[in-house]
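Below is target_22.csv, which holds CSV, N, CA and C atoms.
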chain,number,residue,atom,x,y,z
A,19,MET,N,0.8,-1.2,0.0
A,19,MET,CA,0.0,0.0,0.0
A,19,MET,C,0.9,1.2,0.0
A,20,MET,N,0.5,2.2,-0.8
A,20,MET,CA,1.3,3.4,-0.9
A,20,MET,C,0.4,4.7,-0.6
A,21,LYS,N,0.9,5.6,0.0
A,21,LYS,CA,0.2,6.9,0.2
A,21,LYS,C,0.8,7.9,-0.8
A,22,LEU,N,0.0,8.5,-1.6
A,22,LEU,CA,0.5,9.5,-2.6
A,22,LEU,C,-0.4,10.7,-2.6
A,23,PRO,N,0.3,11.9,-2.7
A,23,PRO,CA,-0.5,13.1,-3.0
A,23,PRO,C,-1.1,13.0,-4.4
A,24,LEU,N,-2.2,13.6,-4.6
A,24,LEU,CA,-2.9,13.6,-5.9
A,24,LEU,C,-2.0,14.0,-7.0
A,25,GLU,N,-1.1,15.0,-6.8
A,25,GLU,CA,-0.3,15.6,-7.9
A,25,GLU,C,0.9,14.6,-8.2
A,26,GLU,N,1.0,13.5,-7.5
A,26,GLU,CA,2.1,12.5,-7.8
A,26,GLU,C,1.5,11.2,-8.3
A,27,LEU,N,0.3,11.2,-8.8
A,27,LEU,CA,-0.3,10.0,-9.3
A,27,LEU,C,0.5,9.4,-10.5
A,28,SER,N,1.4,10.1,-11.1
A,28,SER,CA,2.1,9.5,-12.2
A,28,SER,C,2.9,8.3,-11.7
A,29,GLN,N,3.3,8.3,-10.5
A,29,GLN,CA,4.1,7.2,-9.9
A,29,GLN,C,3.2,5.9,-9.9
A,30,LEU,N,1.9,6.1,-9.5
A,30,LEU,CA,1.0,4.9,-9.5
A,30,LEU,C,0.7,4.5,-11.0
A,31,CYS,N,0.6,5.5,-11.9
A,31,CYS,CA,0.3,5.2,-13.3
A,31,CYS,C,1.4,4.3,-13.8
A,32,ALA,N,2.7,4.7,-13.5
A,32,ALA,CA,3.8,3.9,-14.0
A,32,ALA,C,3.8,2.5,-13.5
A,33,LYS,N,3.4,2.3,-12.2
A,33,LYS,CA,3.3,1.0,-11.6
A,33,LYS,C,2.3,0.1,-12.4
A,34,VAL,N,1.1,0.7,-12.6
A,34,VAL,CA,0.1,0.0,-13.3
A,34,VAL,C,0.5,-0.3,-14.8
A,35,ALA,N,1.2,0.6,-15.4
A,35,ALA,CA,1.7,0.3,-16.8
A,35,ALA,C,2.7,-0.7,-16.8
A,36,GLU,N,3.5,-0.8,-15.8
A,36,GLU,CA,4.5,-1.8,-15.6
A,36,GLU,C,3.9,-3.2,-15.5
A,37,LEU,N,2.8,-3.3,-14.8
A,37,LEU,CA,2.1,-4.5,-14.6
A,37,LEU,C,1.3,-4.9,-15.8
A,38,LEU,N,0.9,-3.9,-16.6
A,38,LEU,CA,0.1,-4.2,-17.8
A,38,LEU,C,0.8,-3.5,-19.1
A,39,PRO,N,2.0,-4.0,-19.4
A,39,PRO,CA,2.7,-3.3,-20.5
A,39,PRO,C,2.0,-3.3,-21.9
A,40,GLN,N,1.2,-4.3,-22.1
A,40,GLN,CA,0.5,-4.5,-23.4
A,40,GLN,C,-1.0,-4.0,-23.3
A,41,GLY,N,-1.4,-3.4,-22.1
A,41,GLY,CA,-2.8,-3.1,-21.9
A,41,GLY,C,-3.5,-4.1,-21.1
A,42,GLY,N,-4.7,-3.9,-20.8
A,42,GLY,CA,-5.5,-4.8,-20.0
A,42,GLY,C,-6.6,-4.0,-19.2
A,43,VAL,N,-7.1,-4.7,-18.2
A,43,VAL,CA,-8.1,-4.1,-17.4
A,43,VAL,C,-7.6,-3.6,-16.1
A,44,VAL,N,-8.0,-2.5,-15.7
A,44,VAL,CA,-7.7,-1.9,-14.3
A,44,VAL,C,-9.0,-1.7,-13.6
A,45,ILE,N,-9.3,-2.5,-12.6
A,45,ILE,CA,-10.5,-2.4,-11.7
A,45,ILE,C,-10.2,-1.3,-10.7
A,46,LEU,N,-11.0,-0.3,-10.6
A,46,LEU,CA,-10.8,0.8,-9.6
A,46,LEU,C,-11.9,0.6,-8.6
A,47,GLN,N,-11.4,0.3,-7.3
A,47,GLN,CA,-12.3,0.1,-6.2
A,47,GLN,C,-12.1,1.2,-5.2
A,48,GLY,N,-13.2,1.7,-4.6
A,48,GLY,CA,-13.1,2.7,-3.5
A,48,GLY,C,-14.5,3.3,-3.3
A,49,ASP,N,-14.6,4.0,-2.2
A,49,ASP,CA,-15.9,4.6,-1.9
A,49,ASP,C,-16.2,5.8,-2.8
A,50,LEU,N,-17.4,6.3,-2.8
A,50,LEU,CA,-17.7,7.5,-3.5
A,50,LEU,C,-16.7,8.6,-3.2
A,51,ALA,N,-16.3,9.3,-4.3
A,51,ALA,CA,-15.4,10.4,-4.1
A,51,ALA,C,-14.0,10.0,-3.6
A,52,SER,N,-13.6,8.8,-3.7
A,52,SER,CA,-12.3,8.4,-3.3
A,52,SER,C,-11.2,8.7,-4.3
A,53,GLY,N,-11.6,8.9,-5.5
A,53,GLY,CA,-10.6,9.3,-6.5
A,53,GLY,C,-10.4,8.3,-7.7
A,54,LYS,N,-11.4,7.6,-8.0
A,54,LYS,CA,-11.4,6.6,-9.1
A,54,LYS,C,-11.3,7.4,-10.5
A,55,THR,N,-12.1,8.4,-10.7
A,55,THR,CA,-12.0,9.2,-11.9
A,55,THR,C,-10.8,10.0,-11.9
A,56,THR,N,-10.3,10.5,-10.8
A,56,THR,CA,-9.1,11.3,-10.7
A,56,THR,C,-7.9,10.4,-11.2
A,57,PHE,N,-7.9,9.2,-10.8
A,57,PHE,CA,-6.8,8.3,-11.2
A,57,PHE,C,-6.9,8.1,-12.8
A,58,THR,N,-8.1,8.0,-13.3
A,58,THR,CA,-8.3,7.8,-14.7
A,58,THR,C,-7.8,9.1,-15.5
A,59,GLN,N,-8.1,10.2,-14.9
A,59,GLN,CA,-7.5,11.5,-15.5
A,59,GLN,C,-6.0,11.5,-15.5
A,60,ALA,N,-5.4,11.0,-14.4
A,60,ALA,CA,-4.0,11.0,-14.3
A,60,ALA,C,-3.4,9.9,-15.3
A,61,TYR,N,-4.1,8.8,-15.5
A,61,TYR,CA,-3.7,7.8,-16.4
A,61,TYR,C,-3.7,8.3,-17.9
A,62,ALA,N,-4.7,9.1,-18.2
A,62,ALA,CA,-4.8,9.6,-19.5
A,62,ALA,C,-3.6,10.6,-19.8
A,63,ARG,N,-3.3,11.4,-18.8
A,63,ARG,CA,-2.1,12.3,-18.9
A,63,ARG,C,-0.9,11.5,-19.0
A,64,TYR,N,-0.8,10.4,-18.3
A,64,TYR,CA,0.4,9.5,-18.3
A,64,TYR,C,0.6,8.9,-19.7
A,65,LEU,N,-0.5,8.6,-20.4
A,65,LEU,CA,-0.5,8.1,-21.7
A,65,LEU,C,-0.3,9.2,-22.8
A,66,GLY,N,-0.2,10.5,-22.3
A,66,GLY,CA,0.1,11.6,-23.3
A,66,GLY,C,-1.2,12.2,-23.9
A,67,MET,N,-2.3,11.9,-23.2
A,67,MET,CA,-3.6,12.5,-23.8
A,67,MET,C,-3.9,13.8,-23.1
A,68,SER,N,-4.6,14.6,-23.8
A,68,SER,CA,-5.0,15.9,-23.2
A,68,SER,C,-6.5,16.0,-23.2
A,69,ASP,N,-7.2,14.9,-23.4
A,69,ASP,CA,-8.7,14.9,-23.4
A,69,ASP,C,-9.2,15.2,-22.0
A,70,ALA,N,-10.3,15.8,-22.0
A,70,ALA,CA,-11.0,16.1,-20.7
A,70,ALA,C,-11.7,14.8,-20.3
A,71,VAL,N,-11.2,14.1,-19.2
A,71,VAL,CA,-11.7,12.9,-18.8
A,71,VAL,C,-12.8,13.1,-17.7
A,72,THR,N,-13.9,12.6,-17.9
A,72,THR,CA,-15.0,12.7,-17.0
A,72,THR,C,-15.6,11.3,-16.7
A,73,SER,N,-16.3,11.2,-15.6
A,73,SER,CA,-16.9,9.9,-15.2
A,73,SER,C,-18.0,9.5,-16.1
A,74,PRO,N,-18.0,8.3,-16.6
A,74,PRO,CA,-19.1,7.8,-17.5
A,74,PRO,C,-20.3,7.2,-16.7
A,75,THR,N,-20.6,7.9,-15.6
A,75,THR,CA,-21.6,7.3,-14.7
A,75,THR,C,-22.9,7.1,-15.4
A,76,PHE,N,-23.3,8.0,-16.3
A,76,PHE,CA,-24.6,7.8,-16.9
A,76,PHE,C,-24.6,7.2,-18.3
A,77,SER,N,-23.4,7.1,-18.8
A,77,SER,CA,-23.2,6.5,-20.2
A,77,SER,C,-22.5,5.2,-20.2
A,78,LEU,N,-22.1,4.7,-19.1
A,78,LEU,CA,-21.4,3.4,-18.9
A,78,LEU,C,-20.0,3.4,-19.4
A,79,GLN,N,-19.7,4.0,-20.6
A,79,GLN,CA,-18.3,4.0,-21.2
A,79,GLN,C,-18.0,5.3,-21.9
A,80,HIS,N,-16.7,5.7,-21.7
A,80,HIS,CA,-16.1,6.7,-22.5
A,80,HIS,C,-14.9,6.2,-23.1
A,81,GLN,N,-14.5,6.6,-24.3
A,81,GLN,CA,-13.3,6.2,-25.0
A,81,GLN,C,-12.5,7.5,-25.2
A,82,TYR,N,-11.2,7.4,-24.9
A,82,TYR,CA,-10.2,8.5,-25.1
A,82,TYR,C,-9.1,8.0,-26.0
A,83,GLY,N,-9.0,8.7,-27.2
A,83,GLY,CA,-8.0,8.3,-28.1
A,83,GLY,C,-8.2,6.9,-28.6
A,84,GLU,N,-7.2,6.2,-28.9
A,84,GLU,CA,-7.3,4.8,-29.5
A,84,GLU,C,-7.0,3.8,-28.4
A,85,LYS,N,-6.6,4.2,-27.2
A,85,LYS,CA,-6.1,3.2,-26.3
A,85,LYS,C,-6.6,3.3,-24.8
A,86,LEU,N,-7.5,4.2,-24.6
A,86,LEU,CA,-8.0,4.3,-23.2
A,86,LEU,C,-9.5,4.3,-23.2
A,87,TYR,N,-10.1,3.3,-22.4
A,87,TYR,CA,-11.5,3.1,-22.2
A,87,TYR,C,-11.8,3.3,-20.7
A,88,HIS,N,-12.9,4.0,-20.4
A,88,HIS,CA,-13.3,4.2,-19.0
A,88,HIS,C,-14.7,3.8,-18.8
A,89,TYR,N,-15.0,3.0,-17.9
A,89,TYR,CA,-16.3,2.4,-17.6
A,89,TYR,C,-16.7,2.8,-16.2
A,90,ASP,N,-18.0,2.9,-15.9
A,90,ASP,CA,-18.5,3.1,-14.6
A,90,ASP,C,-19.7,2.2,-14.4
A,91,LEU,N,-19.6,1.2,-13.5
A,91,LEU,CA,-20.7,0.3,-13.3
A,91,LEU,C,-21.6,0.7,-12.2
A,92,TYR,N,-21.4,1.8,-11.6
A,92,TYR,CA,-22.2,2.2,-10.4
A,92,TYR,C,-23.7,2.2,-10.7
A,93,ASN,N,-24.1,2.8,-11.7
A,93,ASN,CA,-25.6,2.8,-12.0
A,93,ASN,C,-26.1,1.6,-12.8
A,94,TYR,N,-25.2,0.8,-13.3
A,94,TYR,CA,-25.6,-0.3,-14.2
A,94,TYR,C,-25.4,-1.7,-13.6
A,95,GLY,N,-24.3,-1.8,-12.9
A,95,GLY,CA,-24.0,-3.1,-12.3
A,95,GLY,C,-23.4,-4.1,-13.3
A,96,PHE,N,-22.9,-5.2,-12.7
A,96,PHE,CA,-22.3,-6.3,-13.5
A,96,PHE,C,-23.2,-6.9,-14.5
A,97,ASP,N,-24.4,-7.3,-14.1
A,97,ASP,CA,-25.4,-8.0,-15.0
A,97,ASP,C,-25.7,-7.1,-16.2
A,98,LYS,N,-26.0,-5.8,-16.0
A,98,LYS,CA,-26.3,-5.0,-17.2
A,98,LYS,C,-25.1,-4.8,-18.1
A,99,PHE,N,-23.9,-4.7,-17.5
A,99,PHE,CA,-22.6,-4.7,-18.2
A,99,PHE,C,-22.5,-5.9,-19.2
A,100,LEU,N,-22.8,-7.1,-18.6
A,100,LEU,CA,-22.8,-8.3,-19.5
A,100,LEU,C,-23.9,-8.3,-20.5
A,101,SER,N,-25.1,-7.9,-20.1
A,101,SER,CA,-26.2,-7.9,-21.1
A,101,SER,C,-26.0,-7.0,-22.2
A,102,LEU,N,-25.2,-5.9,-22.1
A,102,LEU,CA,-25.0,-5.0,-23.1
A,102,LEU,C,-23.8,-5.4,-24.0
A,103,GLY,N,-23.2,-6.6,-23.7
A,103,GLY,CA,-22.1,-7.1,-24.5
A,103,GLY,C,-20.8,-6.4,-24.3
A,104,MET,N,-20.6,-5.8,-23.1
A,104,MET,CA,-19.4,-5.0,-22.8
A,104,MET,C,-18.2,-5.9,-22.6
A,105,MET,N,-18.3,-7.2,-22.4
A,105,MET,CA,-17.1,-8.0,-22.2
A,105,MET,C,-16.3,-8.0,-23.5
A,106,GLU,N,-17.0,-7.9,-24.7
A,106,GLU,CA,-16.3,-7.9,-26.0
A,106,GLU,C,-15.5,-6.6,-26.1
A,107,GLU,N,-16.0,-5.5,-25.5
A,107,GLU,CA,-15.2,-4.3,-25.5
A,107,GLU,C,-13.9,-4.5,-24.8
A,108,LEU,N,-13.8,-5.3,-23.8
A,108,LEU,CA,-12.6,-5.5,-23.0
A,108,LEU,C,-11.5,-6.2,-23.7
A,109,GLU,N,-11.9,-6.8,-24.9
A,109,GLU,CA,-10.9,-7.5,-25.7
A,109,GLU,C,-10.2,-6.6,-26.7
A,110,ARG,N,-10.7,-5.3,-26.7
A,110,ARG,CA,-10.0,-4.3,-27.6
A,110,ARG,C,-8.7,-4.0,-27.0
A,111,GLU,N,-7.7,-3.7,-27.9
A,111,GLU,CA,-6.4,-3.3,-27.5
A,111,GLU,C,-6.4,-2.0,-26.8
A,112,GLY,N,-5.7,-1.9,-25.7
A,112,GLY,CA,-5.6,-0.7,-24.9
A,112,GLY,C,-5.8,-1.0,-23.4
A,113,TYR,N,-6.1,0.1,-22.7
A,113,TYR,CA,-6.3,0.1,-21.2
A,113,TYR,C,-7.8,0.3,-21.0
A,114,HIS,N,-8.4,-0.5,-20.2
A,114,HIS,CA,-9.8,-0.5,-19.8
A,114,HIS,C,-9.9,-0.2,-18.3
A,115,LEU,N,-10.2,1.0,-17.9
A,115,LEU,CA,-10.3,1.3,-16.5
A,115,LEU,C,-11.8,1.3,-16.1
A,116,ILE,N,-12.1,0.4,-15.1
A,116,ILE,CA,-13.5,0.1,-14.7
A,116,ILE,C,-13.7,0.5,-13.3
A,117,GLU,N,-14.5,1.5,-13.1
A,117,GLU,CA,-14.9,1.9,-11.7
A,117,GLU,C,-16.1,1.0,-11.3
A,118,TRP,N,-16.0,0.6,-10.0
A,118,TRP,CA,-17.0,-0.2,-9.3
A,118,TRP,C,-17.0,-1.6,-9.8
A,119,GLY,N,-15.9,-2.1,-10.3
A,119,GLY,CA,-15.9,-3.5,-10.7
A,119,GLY,C,-15.9,-4.4,-9.4
A,120,ASP,N,-16.7,-5.5,-9.5
A,120,ASP,CA,-16.8,-6.3,-8.3
A,120,ASP,C,-16.1,-7.7,-8.5
A,121,GLU,N,-16.3,-8.5,-7.5
A,121,GLU,CA,-15.7,-9.9,-7.5
A,121,GLU,C,-16.2,-10.7,-8.7
A,122,SER,N,-17.5,-10.5,-9.1
A,122,SER,CA,-18.0,-11.3,-10.2
A,122,SER,C,-17.3,-10.9,-11.5
A,123,LEU,N,-17.0,-9.6,-11.7
A,123,LEU,CA,-16.3,-9.2,-12.9
A,123,LEU,C,-14.9,-9.7,-12.8
A,124,ILE,N,-14.3,-9.6,-11.7
A,124,ILE,CA,-12.9,-10.0,-11.6
A,124,ILE,C,-12.7,-11.5,-11.9
A,125,HIS,N,-13.7,-12.3,-11.4
A,125,HIS,CA,-13.7,-13.7,-11.6
A,125,HIS,C,-13.8,-14.0,-13.1
A,126,LEU,N,-14.7,-13.3,-13.8
A,126,LEU,CA,-15.0,-13.6,-15.2
A,126,LEU,C,-13.7,-13.1,-16.0
A,127,LEU,N,-13.1,-12.1,-15.6
A,127,LEU,CA,-11.9,-11.6,-16.3
A,127,LEU,C,-10.8,-12.7,-16.2
A,128,LYS,N,-10.6,-13.2,-15.0
A,128,LYS,CA,-9.6,-14.3,-14.8
A,128,LYS,C,-9.9,-15.5,-15.7
A,129,ARG,N,-11.2,-15.9,-15.7
A,129,ARG,CA,-11.6,-17.1,-16.5
A,129,ARG,C,-11.4,-16.8,-18.0
A,130,SER,N,-11.5,-15.6,-18.4
A,130,SER,CA,-11.4,-15.2,-19.8
A,130,SER,C,-9.9,-15.0,-20.2
A,131,GLY,N,-9.0,-15.0,-19.2
A,131,GLY,CA,-7.6,-14.8,-19.5
A,131,GLY,C,-7.2,-13.4,-19.8
A,132,ILE,N,-8.0,-12.4,-19.4
A,132,ILE,CA,-7.8,-11.0,-19.6
A,132,ILE,C,-6.9,-10.5,-18.5
A,133,GLU,N,-5.7,-9.9,-18.8
A,133,GLU,CA,-4.8,-9.3,-17.9
A,133,GLU,C,-5.5,-8.3,-17.0
A,134,THR,N,-5.5,-8.4,-15.7
A,134,THR,CA,-6.2,-7.5,-14.9
A,134,THR,C,-5.4,-7.1,-13.6
A,135,VAL,N,-5.5,-5.8,-13.3
A,135,VAL,CA,-4.9,-5.3,-12.1
A,135,VAL,C,-6.0,-4.6,-11.3
A,136,ILE,N,-6.0,-4.7,-10.0
A,136,ILE,CA,-7.0,-4.1,-9.1
A,136,ILE,C,-6.3,-2.9,-8.4
A,137,VAL,N,-6.9,-1.8,-8.4
A,137,VAL,CA,-6.4,-0.6,-7.6
A,137,VAL,C,-7.4,-0.2,-6.6
A,138,LYS,N,-7.1,-0.4,-5.3
A,138,LYS,CA,-8.0,-0.1,-4.3
A,138,LYS,C,-7.6,1.3,-3.7
A,139,ILE,N,-8.6,2.2,-3.7
A,139,ILE,CA,-8.3,3.6,-3.3
A,139,ILE,C,-9.0,3.9,-2.0
A,140,SER,N,-8.3,4.5,-1.0
A,140,SER,CA,-8.9,5.0,0.2
A,140,SER,C,-8.4,6.4,0.5
A,141,LYS,N,-9.4,7.2,0.8
A,141,LYS,CA,-9.1,8.6,1.1
A,141,LYS,C,-8.5,8.8,2.5
A,142,CYS,N,-7.4,9.5,2.5
A,142,CYS,CA,-6.8,9.7,3.9
A,142,CYS,C,-6.9,11.2,4.2
A,143,ASP,N,-6.9,12.1,3.2
A,143,ASP,CA,-7.2,13.5,3.5
A,143,ASP,C,-7.5,14.1,2.1
A,144,GLU,N,-7.8,15.4,2.1
A,144,GLU,CA,-8.2,16.0,0.8
A,144,GLU,C,-7.2,15.9,-0.3
A,145,ASN,N,-6.0,15.9,0.0
A,145,ASN,CA,-4.9,16.0,-1.1
A,145,ASN,C,-4.2,14.7,-1.3
A,146,SER,N,-4.5,13.6,-0.6
A,146,SER,CA,-3.7,12.4,-0.8
A,146,SER,C,-4.6,11.2,-0.5
A,147,ARG,N,-4.2,10.0,-1.1
A,147,ARG,CA,-5.0,8.8,-1.0
A,147,ARG,C,-4.0,7.6,-0.7
A,148,TYR,N,-4.6,6.6,-0.1
A,148,TYR,CA,-3.8,5.3,0.0
A,148,TYR,C,-4.2,4.5,-1.3
A,149,TYR,N,-3.2,3.8,-1.9
A,149,TYR,CA,-3.5,3.0,-3.0
A,149,TYR,C,-2.9,1.6,-2.8
A,150,GLU,N,-3.6,0.6,-3.1
A,150,GLU,CA,-3.2,-0.8,-3.0
A,150,GLU,C,-3.3,-1.3,-4.4
A,151,VAL,N,-2.3,-1.8,-5.0
A,151,VAL,CA,-2.3,-2.4,-6.3
A,151,VAL,C,-1.9,-3.8,-6.3
A,152,GLN,N,-2.7,-4.6,-7.0
A,152,GLN,CA,-2.5,-6.1,-7.0
A,152,GLN,C,-3.0,-6.7,-8.3
A,153,ARG,N,-2.3,-7.7,-8.8
A,153,ARG,CA,-2.8,-8.5,-9.9
A,153,ARG,C,-4.1,-9.3,-9.5
A,154,ALA,N,-5.0,-9.4,-10.4
A,154,ALA,CA,-6.2,-10.2,-10.1
A,154,ALA,C,-5.9,-11.7,-10.3

Rewrite the coordinates I just gave you, this time as structure tokens.
Amino acid sequence: MMKLPLEELSQLCAKVAELLPQGGVVILQGDLASGKTTFTQAYARYLGMSDAVTSPTFSLQHQYGEKLYHYDLYNYGFDKFLSLGMMEELEREGYHLIEWGDESLIHLLKRSGIETVIVKISKCDENSRYYEVQRA
């Protein structure tokens, strides 16, 4: 587990990229307002993108450039994600950052052989978070 100020998220991005050098899925777990979208914004910058990254809470998925996909399952849940055929999206080349991914999704990703990393985020104060990174 590491504690990082929000302005130093590039360190965490580098660690995730090291674990997923060819792309894959990053499950972002944490309470509301813990920093899941903030991490996605930092990851987009890490990949050299200048797109305005926002939470796809009401649209389920946003795509940035050719290699960054951002999903939010909060309003939809795992079953709706599956029923919309979104597992096929995860096979596209690039990085797929999924907010609110649960154990059911993680289990399915493992069974499907999709490279997956879990980032657990906990708020410690307004300007920094605890991050725990692990392979699924």

Original post:
Quick one: of A:Leu27, A:Val135, A:Leu100, A:Ile116, who's nearest to His80 (chain A), counting only C-alpha atoms?
Top reply: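 Closest to His80 (chain A) of all the choices is A:Ile116.
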
Subject >> Point-to-point distance from atom C of Gly112 (chain A) to CA of Gly42 (chain A), Å rounded to tenths >> reply: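 For atom C of Gly112 (chain A) relative to CA of Gly42 (chain A), the distance reads 5.1 Å.
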
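The spacing separating CA of Ala35 (chain A) from atom N of Leu102 (chain A) amounts to 28.1 Å.
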
Subject >> For atom N of Pro39 (chain A) and CA of Asp97 (chain A), the interatomic separation in Å (one decimal) >> reply: 28.0 Å

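Using all atoms listed in the file, the protein and nucleic acid residues lying no more than 8 Å from Gln59 (chain A), apart from those fewer than 3 places from it along its own chain, are Gly53, Lys54, Thr55, Thr56, Ala62, Arg63, Tyr64, Leu65, Asp69, Ala70, Val71 and Thr72 of chain A.
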
**OP:** Tell me which of A:Glu111, A:Leu126, A:Arg153, A:Ser140 sits closest to Gln40 (chain A), counting all atoms listed in the file.
**Re:**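 Looking only at the distances to Gln40 (chain A), the closest residue turns out to be A:Glu111.
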
**OP:** List every protein, DNA or RNA residue that has an atom no more than 6 Å from (-18.0, -2.7, -13.5) in the file's coordinate frame, counting only C-alpha atoms, and report them as an NGL selection string.
**Re:** :A and (90-91 or 96 or 116-119)

Subject >> Within 10 Å of region 129-131 of chain A using only C-alpha atoms, minus same-chain residues under 5 positions, as an MDAnalysis selection string >> reply: chainID A and resid 105 109 123:124

Original post:
For Leu115 (chain A), which residue among A:Tyr82, A:Tyr148, A:Tyr61, A:Tyr89 is the nearest when counting only C-alpha atoms?
Top reply: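 Among the listed residues, A:Tyr89 lies closest to Leu115 (chain A).
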
Can you check which residues of region 70-140 of chain A DSSP gives as helix (DSSP H, G or I) on the backbone and send them as a JSON list (two decimals) with N, CA and C atoms, in the coordinates of the input?
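Below is the file part37.json, written as the result:
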[["chain", "number", "residue", "atom", "x", "y", "z"],
["A", 95, "GLY", "N", -24.30, -1.80, -12.90],
["A", 95, "GLY", "CA", -24.00, -3.10, -12.30],
["A", 95, "GLY", "C", -23.40, -4.10, -13.30],
["A", 96, "PHE", "N", -22.90, -5.20, -12.70],
["A", 96, "PHE", "CA", -22.30, -6.30, -13.50],
["A", 96, "PHE", "C", -23.20, -6.90, -14.50],
["A", 97, "ASP", "N", -24.40, -7.30, -14.10],
["A", 97, "ASP", "CA", -25.40, -8.00, -15.00],
["A", 97, "ASP", "C", -25.70, -7.10, -16.20],
["A", 98, "LYS", "N", -26.00, -5.80, -16.00],
["A", 98, "LYS", "CA", -26.30, -5.00, -17.20],
["A", 98, "LYS", "C", -25.10, -4.80, -18.10],
["A", 99, "PHE", "N", -23.90, -4.70, -17.50],
["A", 99, "PHE", "CA", -22.60, -4.70, -18.20],
["A", 99, "PHE", "C", -22.50, -5.90, -19.20],
["A", 100, "LEU", "N", -22.80, -7.10, -18.60],
["A", 100, "LEU", "CA", -22.80, -8.30, -19.50],
["A", 100, "LEU", "C", -23.90, -8.30, -20.50],
["A", 101, "SER", "N", -25.10, -7.90, -20.10],
["A", 101, "SER", "CA", -26.20, -7.90, -21.10],
["A", 101, "SER", "C", -26.00, -7.00, -22.20],
["A", 104, "MET", "N", -20.60, -5.80, -23.10],
["A", 104, "MET", "CA", -19.40, -5.00, -22.80],
["A", 104, "MET", "C", -18.20, -5.90, -22.60],
["A", 105, "MET", "N", -18.30, -7.20, -22.40],
["A", 105, "MET", "CA", -17.10, -8.00, -22.20],
["A", 105, "MET", "C", -16.30, -8.00, -23.50],
["A", 106, "GLU", "N", -17.00, -7.90, -24.70],
["A", 106, "GLU", "CA", -16.30, -7.90, -26.00],
["A", 106, "GLU", "C", -15.50, -6.60, -26.10],
["A", 107, "GLU", "N", -16.00, -5.50, -25.50],
["A", 107, "GLU", "CA", -15.20, -4.30, -25.50],
["A", 107, "GLU", "C", -13.90, -4.50, -24.80],
["A", 121, "GLU", "N", -16.30, -8.50, -7.50],
["A", 121, "GLU", "CA", -15.70, -9.90, -7.50],
["A", 121, "GLU", "C", -16.20, -10.70, -8.70],
["A", 122, "SER", "N", -17.50, -10.50, -9.10],
["A", 122, "SER", "CA", -18.00, -11.30, -10.20],
["A", 122, "SER", "C", -17.30, -10.90, -11.50],
["A", 123, "LEU", "N", -17.00, -9.60, -11.70],
["A", 123, "LEU", "CA", -16.30, -9.20, -12.90],
["A", 123, "LEU", "C", -14.90, -9.70, -12.80],
["A", 124, "ILE", "N", -14.30, -9.60, -11.70],
["A", 124, "ILE", "CA", -12.90, -10.00, -11.60],
["A", 124, "ILE", "C", -12.70, -11.50, -11.90],
["A", 125, "HIS", "N", -13.70, -12.30, -11.40],
["A", 125, "HIS", "CA", -13.70, -13.70, -11.60],
["A", 125, "HIS", "C", -13.80, -14.00, -13.10],
["A", 126, "LEU", "N", -14.70, -13.30, -13.80],
["A", 126, "LEU", "CA", -15.00, -13.60, -15.20],
["A", 126, "LEU", "C", -13.70, -13.10, -16.00],
["A", 127, "LEU", "N", -13.10, -12.10, -15.60],
["A", 127, "LEU", "CA", -11.90, -11.60, -16.30],
["A", 127, "LEU", "C", -10.80, -12.70, -16.20],
["A", 128, "LYS", "N", -10.60, -13.20, -15.00],
["A", 128, "LYS", "CA", -9.60, -14.30, -14.80],
["A", 128, "LYS", "C", -9.90, -15.50, -15.70],
["A", 129, "ARG", "N", -11.20, -15.90, -15.70],
["A", 129, "ARG", "CA", -11.60, -17.10, -16.50],
["A", 129, "ARG", "C", -11.40, -16.80, -18.00],
["A", 130, "SER", "N", -11.50, -15.60, -18.40],
["A", 130, "SER", "CA", -11.40, -15.20, -19.80],
["A", 130, "SER", "C", -9.90, -15.00, -20.20]]

Original post:
Where does DSSP see strand (DSSP E or B) in region 20-147 of chain A, if you list the residues as a PyMOL selection string?
Top reply: chain A and resi 20-23+42-47+79-82+86-90+113-117+134-143+146-147

**OP:** Excluding His114 (chain A) and any residue of its chain fewer than 4 positions from it, enumerate the residues within 8 Å of it, using only C-alpha atoms, and give them as JSON, numbers by chain.
**Re:** {"A": [41, 42, 43, 44, 86, 87, 88, 89, 108]}

Original post:
Which of these, A:Glu144, A:Tyr149, A:Gly103, A:Ile136, has the shortest distance to Gln29 (chain A) once you count only C-alpha atoms?
Top reply: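 Smallest separation from Gln29 (chain A) among the options: A:Tyr149.
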
**OP:** Can you work out which one of A:Asp120, A:Leu46, A:Lys21, A:Gly83 has the shortest atom-to-atom distance to Gly95 (chain A), counting only N, CA and C atoms?
**Re:** A:Asp120
